[in-house]
Structure formats: C-alpha cells, structure tokens
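Structure file protein29.cif with mmCIF, N, CA and C atoms:
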```cif
data_my_file
loop_
_atom_site.label_atom_id
_atom_site.label_comp_id
_atom_site.auth_asym_id
_atom_site.auth_seq_id
_atom_site.Cartn_x
_atom_site.Cartn_y
_atom_site.Cartn_z
N MET A 1 0.84 -1.18 0.00
CA MET A 1 0.00 0.00 0.00
C MET A 1 0.89 1.25 0.00
N ALA A 2 0.64 2.14 -0.92
CA ALA A 2 1.44 3.35 -1.05
C ALA A 2 1.03 4.39 -0.02
N HIS A 3 1.98 5.20 0.36
CA HIS A 3 1.72 6.30 1.29
C HIS A 3 0.90 7.36 0.56
N PRO A 4 -0.26 7.74 1.09
CA PRO A 4 -1.08 8.75 0.41
C PRO A 4 -0.35 10.09 0.30
N ARG A 5 -0.30 10.62 -0.88
CA ARG A 5 0.44 11.85 -1.16
C ARG A 5 -0.07 13.03 -0.31
N TYR A 6 -1.39 13.06 -0.05
CA TYR A 6 -1.96 14.18 0.70
C TYR A 6 -1.47 14.24 2.14
N LEU A 7 -0.92 13.14 2.66
CA LEU A 7 -0.38 13.17 4.02
C LEU A 7 0.98 13.86 4.09
N GLY A 8 1.63 13.96 2.94
CA GLY A 8 2.90 14.66 2.90
C GLY A 8 4.05 13.88 3.50
N TRP A 9 5.14 14.58 3.66
CA TRP A 9 6.37 13.99 4.18
C TRP A 9 6.24 13.74 5.67
N GLN A 10 6.61 12.53 6.09
CA GLN A 10 6.63 12.16 7.50
C GLN A 10 8.09 12.16 7.94
N ILE A 11 8.44 13.08 8.81
CA ILE A 11 9.85 13.31 9.17
C ILE A 11 10.54 12.09 9.76
N ASP A 12 9.80 11.22 10.43
CA ASP A 12 10.45 10.06 11.06
C ASP A 12 10.37 8.79 10.21
N TRP A 13 9.94 8.91 8.97
CA TRP A 13 9.93 7.78 8.04
C TRP A 13 11.07 7.92 7.04
N PRO A 14 11.68 6.82 6.64
CA PRO A 14 12.73 6.91 5.62
C PRO A 14 12.15 7.40 4.29
N VAL A 15 12.97 8.11 3.54
CA VAL A 15 12.57 8.55 2.21
C VAL A 15 13.55 7.98 1.19
N PHE A 16 13.03 7.82 -0.02
CA PHE A 16 13.79 7.23 -1.12
C PHE A 16 13.72 8.15 -2.32
N ILE A 17 14.69 7.98 -3.20
CA ILE A 17 14.78 8.80 -4.39
C ILE A 17 13.72 8.33 -5.40
N LYS A 18 12.86 9.26 -5.79
CA LYS A 18 11.83 8.97 -6.79
C LYS A 18 12.32 9.39 -8.18
N ALA A 19 13.03 10.50 -8.22
CA ALA A 19 13.61 11.01 -9.47
C ALA A 19 15.08 11.34 -9.18
N PRO A 20 16.00 10.86 -10.01
CA PRO A 20 17.43 11.10 -9.76
C PRO A 20 17.72 12.58 -9.52
N LEU A 21 18.68 12.82 -8.62
CA LEU A 21 19.05 14.19 -8.29
C LEU A 21 20.46 14.22 -7.74
N THR A 22 21.00 15.43 -7.64
CA THR A 22 22.30 15.65 -7.00
C THR A 22 22.04 16.48 -5.76
N ALA A 23 22.49 15.97 -4.61
CA ALA A 23 22.33 16.68 -3.35
C ALA A 23 23.48 16.30 -2.43
N ASP A 24 23.94 17.24 -1.66
CA ASP A 24 25.01 17.00 -0.69
C ASP A 24 26.23 16.36 -1.35
N ASN A 25 26.61 16.91 -2.50
CA ASN A 25 27.79 16.45 -3.25
C ASN A 25 27.72 14.98 -3.65
N LYS A 26 26.53 14.48 -3.95
CA LYS A 26 26.35 13.08 -4.35
C LYS A 26 25.27 12.99 -5.40
N ASP A 27 25.48 12.11 -6.37
CA ASP A 27 24.44 11.81 -7.36
C ASP A 27 23.60 10.67 -6.81
N TRP A 28 22.32 10.88 -6.67
CA TRP A 28 21.41 9.90 -6.09
C TRP A 28 20.60 9.24 -7.20
N ALA A 29 20.53 7.90 -7.14
CA ALA A 29 19.80 7.13 -8.15
C ALA A 29 18.39 6.79 -7.66
N LYS A 30 17.51 6.56 -8.59
CA LYS A 30 16.13 6.19 -8.27
C LYS A 30 16.12 4.94 -7.36
N GLY A 31 15.31 5.00 -6.31
CA GLY A 31 15.18 3.87 -5.40
C GLY A 31 16.18 3.85 -4.25
N GLU A 32 17.16 4.74 -4.29
CA GLU A 32 18.18 4.78 -3.25
C GLU A 32 17.62 5.43 -1.97
N HIS A 33 18.04 4.91 -0.82
CA HIS A 33 17.63 5.50 0.45
C HIS A 33 18.34 6.83 0.62
N PHE A 34 17.56 7.89 0.85
CA PHE A 34 18.10 9.23 1.04
C PHE A 34 18.30 9.44 2.54
N ASP A 35 19.50 9.16 3.00
CA ASP A 35 19.82 9.19 4.43
C ASP A 35 20.18 10.61 4.85
N TRP A 36 19.20 11.48 4.85
CA TRP A 36 19.40 12.90 5.12
C TRP A 36 19.81 13.19 6.56
N VAL A 37 19.38 12.36 7.50
CA VAL A 37 19.70 12.60 8.91
C VAL A 37 21.20 12.48 9.14
N ASN A 38 21.80 11.40 8.66
CA ASN A 38 23.23 11.19 8.86
C ASN A 38 24.09 12.11 8.01
N ARG A 39 23.49 12.78 7.04
CA ARG A 39 24.23 13.72 6.21
C ARG A 39 24.02 15.16 6.65
N ASP A 40 23.30 15.35 7.75
CA ASP A 40 23.03 16.69 8.30
C ASP A 40 22.36 17.62 7.29
N ILE A 41 21.43 17.09 6.53
CA ILE A 41 20.65 17.91 5.60
C ILE A 41 19.45 18.43 6.37
N LYS A 42 19.15 19.69 6.21
CA LYS A 42 18.07 20.33 6.96
C LYS A 42 16.71 19.74 6.59
N PRO A 43 15.86 19.54 7.60
CA PRO A 43 14.52 19.01 7.32
C PRO A 43 13.74 19.86 6.32
N SER A 44 13.93 21.16 6.33
CA SER A 44 13.21 22.02 5.38
C SER A 44 13.62 21.70 3.94
N ALA A 45 14.89 21.37 3.73
CA ALA A 45 15.37 21.00 2.39
C ALA A 45 14.78 19.66 1.97
N VAL A 46 14.69 18.72 2.90
CA VAL A 46 14.09 17.41 2.60
C VAL A 46 12.62 17.57 2.27
N ALA A 47 11.92 18.39 3.04
CA ALA A 47 10.50 18.64 2.78
C ALA A 47 10.30 19.23 1.39
N GLN A 48 11.19 20.13 0.99
CA GLN A 48 11.10 20.75 -0.33
C GLN A 48 11.32 19.70 -1.43
N LEU A 49 12.30 18.83 -1.24
CA LEU A 49 12.55 17.75 -2.22
C LEU A 49 11.36 16.81 -2.29
N TYR A 50 10.77 16.51 -1.14
CA TYR A 50 9.60 15.62 -1.10
C TYR A 50 8.43 16.28 -1.84
N ASN A 51 8.16 17.52 -1.51
CA ASN A 51 7.04 18.23 -2.12
C ASN A 51 7.23 18.47 -3.61
N SER A 52 8.48 18.49 -4.06
CA SER A 52 8.78 18.66 -5.48
C SER A 52 8.75 17.35 -6.25
N GLY A 53 8.55 16.23 -5.54
CA GLY A 53 8.43 14.95 -6.22
C GLY A 53 9.74 14.19 -6.39
N TYR A 54 10.82 14.65 -5.77
CA TYR A 54 12.09 13.94 -5.89
C TYR A 54 12.23 12.80 -4.88
N LEU A 55 11.53 12.90 -3.75
CA LEU A 55 11.60 11.90 -2.70
C LEU A 55 10.21 11.34 -2.42
N TYR A 56 10.16 10.14 -1.88
CA TYR A 56 8.89 9.54 -1.48
C TYR A 56 9.11 8.48 -0.43
N HIS A 57 8.02 8.11 0.23
CA HIS A 57 8.04 7.01 1.20
C HIS A 57 7.67 5.73 0.45
N ASN A 58 8.33 4.62 0.82
CA ASN A 58 8.05 3.36 0.15
C ASN A 58 8.32 2.21 1.12
N LYS A 59 7.24 1.59 1.61
CA LYS A 59 7.36 0.51 2.59
C LYS A 59 8.12 -0.69 2.02
N GLU A 60 7.92 -0.99 0.75
CA GLU A 60 8.62 -2.12 0.14
C GLU A 60 10.13 -1.88 0.11
N LEU A 61 10.54 -0.66 -0.23
CA LEU A 61 11.98 -0.35 -0.24
C LEU A 61 12.55 -0.34 1.18
N GLU A 62 11.73 0.04 2.17
CA GLU A 62 12.18 -0.03 3.56
C GLU A 62 12.56 -1.47 3.91
N LYS A 63 11.68 -2.42 3.53
CA LYS A 63 11.96 -3.83 3.81
C LYS A 63 13.18 -4.31 3.05
N GLU A 64 13.23 -3.96 1.77
CA GLU A 64 14.31 -4.40 0.89
C GLU A 64 15.67 -3.88 1.36
N THR A 65 15.72 -2.61 1.77
CA THR A 65 16.99 -2.00 2.17
C THR A 65 17.22 -2.07 3.68
N LYS A 66 16.23 -2.60 4.41
CA LYS A 66 16.31 -2.77 5.86
C LYS A 66 16.60 -1.46 6.58
N VAL A 67 15.79 -0.44 6.27
CA VAL A 67 15.87 0.84 6.95
C VAL A 67 14.53 1.13 7.60
N GLY A 68 14.50 2.14 8.44
CA GLY A 68 13.27 2.48 9.14
C GLY A 68 13.14 1.63 10.40
N ASP A 69 11.97 1.66 11.00
CA ASP A 69 11.81 0.92 12.26
C ASP A 69 11.63 -0.58 12.05
N ARG A 70 11.26 -1.00 10.86
CA ARG A 70 11.11 -2.40 10.46
C ARG A 70 10.05 -3.16 11.26
N LEU A 71 9.17 -2.44 11.94
CA LEU A 71 8.13 -3.09 12.73
C LEU A 71 7.15 -3.85 11.85
N ASP A 72 6.96 -3.39 10.61
CA ASP A 72 6.03 -4.07 9.70
C ASP A 72 6.51 -5.46 9.30
N GLU A 73 7.77 -5.74 9.52
CA GLU A 73 8.33 -7.06 9.19
C GLU A 73 8.08 -8.07 10.31
N MET A 74 7.67 -7.59 11.47
CA MET A 74 7.53 -8.47 12.64
C MET A 74 6.15 -9.11 12.73
N THR A 75 6.17 -10.35 13.21
CA THR A 75 4.93 -11.07 13.50
C THR A 75 4.41 -10.60 14.86
N ALA A 76 3.21 -11.02 15.21
CA ALA A 76 2.64 -10.68 16.51
C ALA A 76 3.54 -11.17 17.64
N SER A 77 4.06 -12.36 17.50
CA SER A 77 4.94 -12.94 18.51
C SER A 77 6.23 -12.14 18.65
N GLN A 78 6.80 -11.72 17.54
CA GLN A 78 8.03 -10.92 17.57
C GLN A 78 7.77 -9.55 18.19
N LEU A 79 6.62 -8.96 17.87
CA LEU A 79 6.26 -7.68 18.48
C LEU A 79 6.15 -7.82 20.00
N GLN A 80 5.53 -8.91 20.43
CA GLN A 80 5.37 -9.18 21.86
C GLN A 80 6.75 -9.28 22.54
N THR A 81 7.67 -9.98 21.90
CA THR A 81 9.03 -10.10 22.43
C THR A 81 9.69 -8.74 22.53
N LEU A 82 9.56 -7.94 21.48
CA LEU A 82 10.15 -6.60 21.47
C LEU A 82 9.59 -5.74 22.61
N VAL A 83 8.28 -5.75 22.77
CA VAL A 83 7.64 -4.96 23.83
C VAL A 83 8.12 -5.44 25.20
N ASN A 84 8.22 -6.74 25.39
CA ASN A 84 8.70 -7.27 26.67
C ASN A 84 10.13 -6.81 26.96
N LEU A 85 10.99 -6.83 25.95
CA LEU A 85 12.37 -6.40 26.12
C LEU A 85 12.45 -4.89 26.42
N LEU A 86 11.68 -4.10 25.68
CA LEU A 86 11.66 -2.65 25.93
C LEU A 86 11.15 -2.34 27.33
N ASN A 87 10.08 -3.02 27.73
CA ASN A 87 9.51 -2.78 29.05
C ASN A 87 10.45 -3.22 30.17
N ALA A 88 11.21 -4.28 29.94
CA ALA A 88 12.20 -4.71 30.94
C ALA A 88 13.26 -3.63 31.11
N GLU A 89 13.65 -3.00 30.01
CA GLU A 89 14.63 -1.90 30.08
C GLU A 89 14.05 -0.70 30.81
N VAL A 90 12.79 -0.38 30.52
CA VAL A 90 12.13 0.74 31.22
C VAL A 90 12.07 0.45 32.71
N LYS A 91 11.77 -0.79 33.06
CA LYS A 91 11.65 -1.16 34.47
C LYS A 91 12.97 -0.96 35.22
N THR A 92 14.09 -1.31 34.59
CA THR A 92 15.39 -1.15 35.26
C THR A 92 15.74 0.32 35.47
N ARG A 93 15.15 1.20 34.66
CA ARG A 93 15.46 2.63 34.76
C ARG A 93 14.39 3.42 35.51
N SER A 94 13.37 2.74 35.98
CA SER A 94 12.29 3.41 36.71
C SER A 94 12.55 3.35 38.21
N ASN A 95 12.19 4.42 38.89
CA ASN A 95 12.41 4.51 40.33
C ASN A 95 11.24 3.99 41.15
N SER A 96 10.10 3.78 40.50
CA SER A 96 8.93 3.30 41.23
C SER A 96 8.00 2.55 40.28
N ALA A 97 7.09 1.81 40.87
CA ALA A 97 6.11 1.06 40.07
C ALA A 97 5.23 2.01 39.27
N SER A 98 4.87 3.13 39.86
CA SER A 98 4.00 4.09 39.15
C SER A 98 4.74 4.75 37.99
N GLU A 99 6.04 5.01 38.17
CA GLU A 99 6.82 5.58 37.06
C GLU A 99 6.90 4.57 35.92
N TYR A 100 7.16 3.30 36.25
CA TYR A 100 7.22 2.25 35.24
C TYR A 100 5.89 2.15 34.49
N THR A 101 4.80 2.13 35.23
CA THR A 101 3.46 2.00 34.63
C THR A 101 3.17 3.16 33.68
N SER A 102 3.61 4.34 34.02
CA SER A 102 3.34 5.50 33.16
C SER A 102 4.24 5.55 31.93
N LYS A 103 5.42 4.93 31.99
CA LYS A 103 6.38 5.02 30.88
C LYS A 103 6.39 3.82 29.94
N LYS A 104 5.95 2.67 30.39
CA LYS A 104 6.10 1.44 29.61
C LYS A 104 5.31 1.48 28.30
N VAL A 105 5.69 0.58 27.40
CA VAL A 105 4.98 0.41 26.13
C VAL A 105 3.65 -0.29 26.44
N LYS A 106 2.58 0.28 25.92
CA LYS A 106 1.27 -0.33 26.12
C LYS A 106 1.15 -1.59 25.27
N PHE A 107 0.29 -2.53 25.68
CA PHE A 107 0.07 -3.79 24.96
C PHE A 107 -1.24 -3.76 24.18
N SER A 108 -1.22 -4.42 23.03
CA SER A 108 -2.43 -4.64 22.26
C SER A 108 -2.28 -5.97 21.52
N LYS A 109 -3.38 -6.68 21.38
CA LYS A 109 -3.37 -7.94 20.61
C LYS A 109 -3.54 -7.67 19.12
N ILE A 110 -3.90 -6.44 18.77
CA ILE A 110 -4.06 -6.04 17.37
C ILE A 110 -2.71 -5.56 16.87
N GLU A 111 -2.15 -6.26 15.87
CA GLU A 111 -0.78 -5.98 15.41
C GLU A 111 -0.57 -4.52 15.01
N GLY A 112 -1.47 -3.97 14.24
CA GLY A 112 -1.32 -2.58 13.79
C GLY A 112 -1.31 -1.61 14.96
N LYS A 113 -2.16 -1.87 15.92
CA LYS A 113 -2.23 -1.02 17.10
C LYS A 113 -0.95 -1.16 17.94
N GLN A 114 -0.42 -2.38 18.04
CA GLN A 114 0.82 -2.61 18.79
C GLN A 114 1.97 -1.87 18.14
N ARG A 115 2.03 -1.90 16.80
CA ARG A 115 3.09 -1.16 16.11
C ARG A 115 2.98 0.34 16.42
N ALA A 116 1.75 0.85 16.43
CA ALA A 116 1.52 2.27 16.73
C ALA A 116 1.96 2.58 18.16
N PHE A 117 1.68 1.69 19.10
CA PHE A 117 2.11 1.91 20.49
C PHE A 117 3.63 1.97 20.59
N VAL A 118 4.31 1.07 19.88
CA VAL A 118 5.78 1.05 19.91
C VAL A 118 6.33 2.34 19.29
N ARG A 119 5.77 2.74 18.14
CA ARG A 119 6.25 3.97 17.47
C ARG A 119 6.02 5.20 18.35
N SER A 120 4.88 5.27 18.98
CA SER A 120 4.59 6.40 19.87
C SER A 120 5.56 6.41 21.06
N PHE A 121 5.78 5.24 21.63
CA PHE A 121 6.72 5.10 22.74
C PHE A 121 8.10 5.60 22.33
N LEU A 122 8.56 5.19 21.15
CA LEU A 122 9.90 5.59 20.69
C LEU A 122 9.99 7.09 20.44
N ARG A 123 8.93 7.69 19.90
CA ARG A 123 8.92 9.14 19.68
C ARG A 123 9.06 9.91 20.99
N HIS A 124 8.48 9.37 22.05
CA HIS A 124 8.49 10.06 23.34
C HIS A 124 9.66 9.65 24.25
N ASN A 125 10.41 8.65 23.84
CA ASN A 125 11.52 8.14 24.67
C ASN A 125 12.76 7.90 23.81
N ARG A 126 13.34 8.97 23.31
CA ARG A 126 14.51 8.86 22.43
C ARG A 126 15.69 8.19 23.13
N TRP A 127 15.73 8.22 24.44
CA TRP A 127 16.84 7.65 25.20
C TRP A 127 16.98 6.14 24.99
N ILE A 128 15.92 5.47 24.55
CA ILE A 128 15.96 4.01 24.42
C ILE A 128 16.18 3.55 22.98
N GLU A 129 16.42 4.48 22.06
CA GLU A 129 16.58 4.12 20.65
C GLU A 129 17.66 3.07 20.41
N ASP A 130 18.82 3.23 21.04
CA ASP A 130 19.91 2.27 20.82
C ASP A 130 19.50 0.86 21.24
N LYS A 131 18.82 0.77 22.37
CA LYS A 131 18.34 -0.54 22.83
C LYS A 131 17.28 -1.09 21.89
N PHE A 132 16.39 -0.21 21.41
CA PHE A 132 15.37 -0.64 20.46
C PHE A 132 16.01 -1.29 19.23
N TYR A 133 17.00 -0.62 18.64
CA TYR A 133 17.66 -1.17 17.45
C TYR A 133 18.36 -2.48 17.76
N GLU A 134 18.98 -2.56 18.90
CA GLU A 134 19.64 -3.81 19.33
C GLU A 134 18.62 -4.94 19.45
N PHE A 135 17.52 -4.68 20.15
CA PHE A 135 16.48 -5.70 20.32
C PHE A 135 15.85 -6.07 18.98
N ARG A 136 15.49 -5.05 18.20
CA ARG A 136 14.84 -5.27 16.91
C ARG A 136 15.71 -6.12 15.99
N ASP A 137 16.99 -5.76 15.89
CA ASP A 137 17.88 -6.49 14.99
C ASP A 137 18.07 -7.93 15.45
N GLY A 138 18.14 -8.14 16.76
CA GLY A 138 18.26 -9.51 17.28
C GLY A 138 17.02 -10.34 16.96
N ILE A 139 15.86 -9.75 17.12
CA ILE A 139 14.60 -10.46 16.84
C ILE A 139 14.48 -10.77 15.35
N LEU A 140 14.79 -9.80 14.50
CA LEU A 140 14.65 -10.02 13.06
C LEU A 140 15.74 -10.95 12.52
N LYS A 141 16.91 -10.97 13.14
CA LYS A 141 17.99 -11.85 12.71
C LYS A 141 17.60 -13.31 12.92
N GLU A 142 16.81 -13.56 13.98
CA GLU A 142 16.36 -14.92 14.26
C GLU A 142 15.49 -15.50 13.15
N GLN A 143 14.78 -14.63 12.42
CA GLN A 143 13.87 -15.13 11.37
C GLN A 143 14.58 -15.34 10.04
N GLU A 144 15.80 -14.86 9.89
CA GLU A 144 16.52 -15.00 8.61
C GLU A 144 17.03 -16.40 8.39
#
```

With the file now loaded, output its structure as structure tokens.
Amino acid sequence: MAHPRYLGWQIDWPVFIKAPLTADNKDWAKGEHFDWVNRDIKPSAVAQLYNSGYLYHNKELEKETKVGDRLDEMTASQLQTLVNLLNAEVKTRSNSASEYTSKKVKFSKIEGKQRAFVRSFLRHNRWIEDKFYEFRDGILKEQE
C-alpha cells in the first residue's frame, strides 16, 4: 500500500529517491535510500525535495533496504518479544512502580495497534533508541 500523497512527508519515516538528483555532493539514483539525517541535511530542504516529487516514502523499499523501524516485518509474537524487552529496560530505569506504569509500552493484541504503540513510545523516549535497534535487529535476525 502506497503512502497517500496528501499526508505529505513524514519526518520520522525513511525517504527514497523517486527522481534522480544531485544533493550533498552526491548523485542519487532512483530507489536509493536518502539518508538525510546522517548527512546533516536540513529538514526544510528534505520537505522541499519531497514536495517537489524527488523523494517519497516506500514501505517495500524499507523492507528491501532494511531501513526504518522495520516493525512491519515483525509477526505478533516478535512484536510481543520486542515490547517485553523494551519494558524490561524501562523497568530497570524506573524509580517506582508508578513511574514504570506511566512510561512502559502499552500492549495490544491487534498488530497494527501494537506497532503504533511502539512507534509512539519511541517518539516520546529517544533515550531508548539504541536498545530498540539492538532488540529489533536480534529479533529479526532470528527469522533469517
């Protein structure tokens, strides 16, 4: 399913080259992941490229190039494992049961909703990103 154009550029989603271009002293080919964050390209410049039709979101290319949060590649069981690992990390860093309860990743049996809970948690808790990638990569490596 394609990302609806009317939603525009989503800053926390990977973008790919839709039409070849030269940016940041590099020639970019169609389908290539445009890693603007690691290249220190301003978000306003990325938004302009997106709105001009040079960049786009593509879930299939995310899977193929293994970029983005990769939550869509996980089964319900794998999501459950990820949430358990994240919550265990939150628990070790919480000073009380009430703090843990307020910070932990919420659970849902609906896969789409669980992915949304994880994404929301990550947006609000940037401190755990490194652990998230470590856990995610370990879980996805098991399925290869």

For the structure I just gave you, how does DSSP split chain A - specifically, which residues are alpha helix (DSSP H)? Reply as a VMD selection string. chain A and resid 43 to 51 59 to 65 76 to 93 97 to 103 111 to 124 129 to 143

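Taking atom N of Ser77 in chain A as the reference point, atom C of Ser120 in chain A is found at 19.2 Å.
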
Please compute the CA of Leu86 in chain A-CA of Phe135 in chain A distance, one decimal, in Å.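 According to the coordinates, CA of Leu86 in chain A and CA of Phe135 in chain A are separated by 8.0 Å.
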
Could you pull out the residues in chain A that DSSP calls strand (DSSP E or B) from the backbone, as JSON, numbers by chain? {"A": [16, 17, 21, 22, 23, 26, 27, 28, 33, 55, 56]}

Those residues with N, CA and C atoms, as a PDB file, keeping the file's coordinate frame please?
```pdb
ATOM      1  N   PHE A  16      13.030   7.820  -0.020  1.00  0.00           N
ATOM      2  CA  PHE A  16      13.790   7.230  -1.120  1.00  0.00           C
ATOM      3  C   PHE A  16      13.720   8.150  -2.320  1.00  0.00           C
ATOM      4  N   ILE A  17      14.690   7.980  -3.200  1.00  0.00           N
ATOM      5  CA  ILE A  17      14.780   8.800  -4.390  1.00  0.00           C
ATOM      6  C   ILE A  17      13.720   8.330  -5.400  1.00  0.00           C
ATOM      7  N   LEU A  21      18.680  12.820  -8.620  1.00  0.00           N
ATOM      8  CA  LEU A  21      19.050  14.190  -8.290  1.00  0.00           C
ATOM      9  C   LEU A  21      20.460  14.220  -7.740  1.00  0.00           C
ATOM     10  N   THR A  22      21.000  15.430  -7.640  1.00  0.00           N
ATOM     11  CA  THR A  22      22.300  15.650  -7.000  1.00  0.00           C
ATOM     12  C   THR A  22      22.040  16.480  -5.760  1.00  0.00           C
ATOM     13  N   ALA A  23      22.490  15.970  -4.610  1.00  0.00           N
ATOM     14  CA  ALA A  23      22.330  16.680  -3.350  1.00  0.00           C
ATOM     15  C   ALA A  23      23.480  16.300  -2.430  1.00  0.00           C
ATOM     16  N   LYS A  26      26.530  14.480  -3.950  1.00  0.00           N
ATOM     17  CA  LYS A  26      26.350  13.080  -4.350  1.00  0.00           C
ATOM     18  C   LYS A  26      25.270  12.990  -5.400  1.00  0.00           C
ATOM     19  N   ASP A  27      25.480  12.110  -6.370  1.00  0.00           N
ATOM     20  CA  ASP A  27      24.440  11.810  -7.360  1.00  0.00           C
ATOM     21  C   ASP A  27      23.600  10.670  -6.810  1.00  0.00           C
ATOM     22  N   TRP A  28      22.320  10.880  -6.670  1.00  0.00           N
ATOM     23  CA  TRP A  28      21.410   9.900  -6.090  1.00  0.00           C
ATOM     24  C   TRP A  28      20.600   9.240  -7.200  1.00  0.00           C
ATOM     25  N   HIS A  33      18.040   4.910  -0.820  1.00  0.00           N
ATOM     26  CA  HIS A  33      17.630   5.500   0.450  1.00  0.00           C
ATOM     27  C   HIS A  33      18.340   6.830   0.620  1.00  0.00           C
ATOM     28  N   LEU A  55      11.530  12.900  -3.750  1.00  0.00           N
ATOM     29  CA  LEU A  55      11.600  11.900  -2.700  1.00  0.00           C
ATOM     30  C   LEU A  55      10.210  11.340  -2.420  1.00  0.00           C
ATOM     31  N   TYR A  56      10.160  10.140  -1.880  1.00  0.00           N
ATOM     32  CA  TYR A  56       8.890   9.540  -1.480  1.00  0.00           C
ATOM     33  C   TYR A  56       9.110   8.480  -0.430  1.00  0.00           C
TER      34      TYR A  56
END
```

Compile a residue-level contact table for range 32-119 of chain A against range 139-142 of chain A at a cut-off of 8 Å, reporting for every qualifying residue the shortest atom pair and its distance in Å to one decimal, with all atoms listed in the file counted, rows ordered by chain and ascending number, as a Markdown table.
```
| residue | atom | partner | partner_atom | distance |
| --- | --- | --- | --- | --- |
| A:Glu73 | C | A:Leu140 | CA | 7.4 |
| A:Met74 | CA | A:Leu140 | CA | 7.3 |
| A:Gln78 | CA | A:Ile139 | CA | 6.6 |
| A:Thr81 | C | A:Ile139 | CA | 7.7 |
| A:Leu82 | N | A:Ile139 | CA | 7.3 |
```

Return the padded bounding box of range 29-48 of chain A as lines of an AutoDock Vina configuration file: axis-aligned, built from all atoms listed in the file, 3 Å added on each side, with centre and edge lengths in Å to one decimal.
```
center_x = 17.3
center_y = 12.9
center_z = 0.3
size_x = 19.9
size_y = 24.2
size_z = 23.7
```

Expansion of the PyMOL selection byres ((chain A and resi 16) around 6) into residues, as an mmCIF file with N, CA and C atoms, in the coordinates of the input:
```cif
data_model
loop_
_atom_site.group_PDB
_atom_site.id
_atom_site.type_symbol
_atom_site.label_atom_id
_atom_site.label_comp_id
_atom_site.auth_asym_id
_atom_site.auth_seq_id
_atom_site.Cartn_x
_atom_site.Cartn_y
_atom_site.Cartn_z
ATOM 1 N N PRO A 14 11.680 6.820 6.640
ATOM 2 C CA PRO A 14 12.730 6.910 5.620
ATOM 3 C C PRO A 14 12.150 7.400 4.290
ATOM 4 N N VAL A 15 12.970 8.110 3.540
ATOM 5 C CA VAL A 15 12.570 8.550 2.210
ATOM 6 C C VAL A 15 13.550 7.980 1.190
ATOM 7 N N ILE A 17 14.690 7.980 -3.200
ATOM 8 C CA ILE A 17 14.780 8.800 -4.390
ATOM 9 C C ILE A 17 13.720 8.330 -5.400
ATOM 10 N N LYS A 18 12.860 9.260 -5.790
ATOM 11 C CA LYS A 18 11.830 8.970 -6.790
ATOM 12 C C LYS A 18 12.320 9.390 -8.180
ATOM 13 N N GLY A 31 15.310 5.000 -6.310
ATOM 14 C CA GLY A 31 15.180 3.870 -5.400
ATOM 15 C C GLY A 31 16.180 3.850 -4.250
ATOM 16 N N GLU A 32 17.160 4.740 -4.290
ATOM 17 C CA GLU A 32 18.180 4.780 -3.250
ATOM 18 C C GLU A 32 17.620 5.430 -1.970
ATOM 19 N N HIS A 33 18.040 4.910 -0.820
ATOM 20 C CA HIS A 33 17.630 5.500 0.450
ATOM 21 C C HIS A 33 18.340 6.830 0.620
ATOM 22 N N PHE A 34 17.560 7.890 0.850
ATOM 23 C CA PHE A 34 18.100 9.230 1.040
ATOM 24 C C PHE A 34 18.300 9.440 2.540
ATOM 25 N N TYR A 54 10.820 14.650 -5.770
ATOM 26 C CA TYR A 54 12.090 13.940 -5.890
ATOM 27 C C TYR A 54 12.230 12.800 -4.880
ATOM 28 N N LEU A 55 11.530 12.900 -3.750
ATOM 29 C CA LEU A 55 11.600 11.900 -2.700
ATOM 30 C C LEU A 55 10.210 11.340 -2.420
ATOM 31 N N TYR A 56 10.160 10.140 -1.880
ATOM 32 C CA TYR A 56 8.890 9.540 -1.480
ATOM 33 C C TYR A 56 9.110 8.480 -0.430
ATOM 34 N N HIS A 57 8.020 8.110 0.230
ATOM 35 C CA HIS A 57 8.040 7.010 1.200
ATOM 36 C C HIS A 57 7.670 5.730 0.450
ATOM 37 N N ASN A 58 8.330 4.620 0.820
ATOM 38 C CA ASN A 58 8.050 3.360 0.150
ATOM 39 C C ASN A 58 8.320 2.210 1.120
#
```

For CA of Leu7 in chain A and atom C of Trp127 in chain A, the interatomic separation in Å (one decimal):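 Value for the CA of Leu7 in chain A-atom C of Trp127 in chain A distance: 28.1 Å.
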
Using only C-alpha atoms, which protein or nucleic acid residues come within 9 Å of range 111-116 of chain A? Drop anything in the same chain fewer than 4 positions from it, and give the result as a list of chain:residue names.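 Surrounding residues, per the criterion: A:Leu71, A:Asp72, A:Thr75, A:Ala76, A:Leu79, A:Gln80, A:Val83, A:Val105, A:Lys106, A:Phe107, A:Ser120, A:Phe121.
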
Neighbour residues at most 7 Å from (6.9, 16.4, 3.2) (only N, CA and C atoms) as a PyMOL selection string: chain A and resi 7-11+46-48+50-51
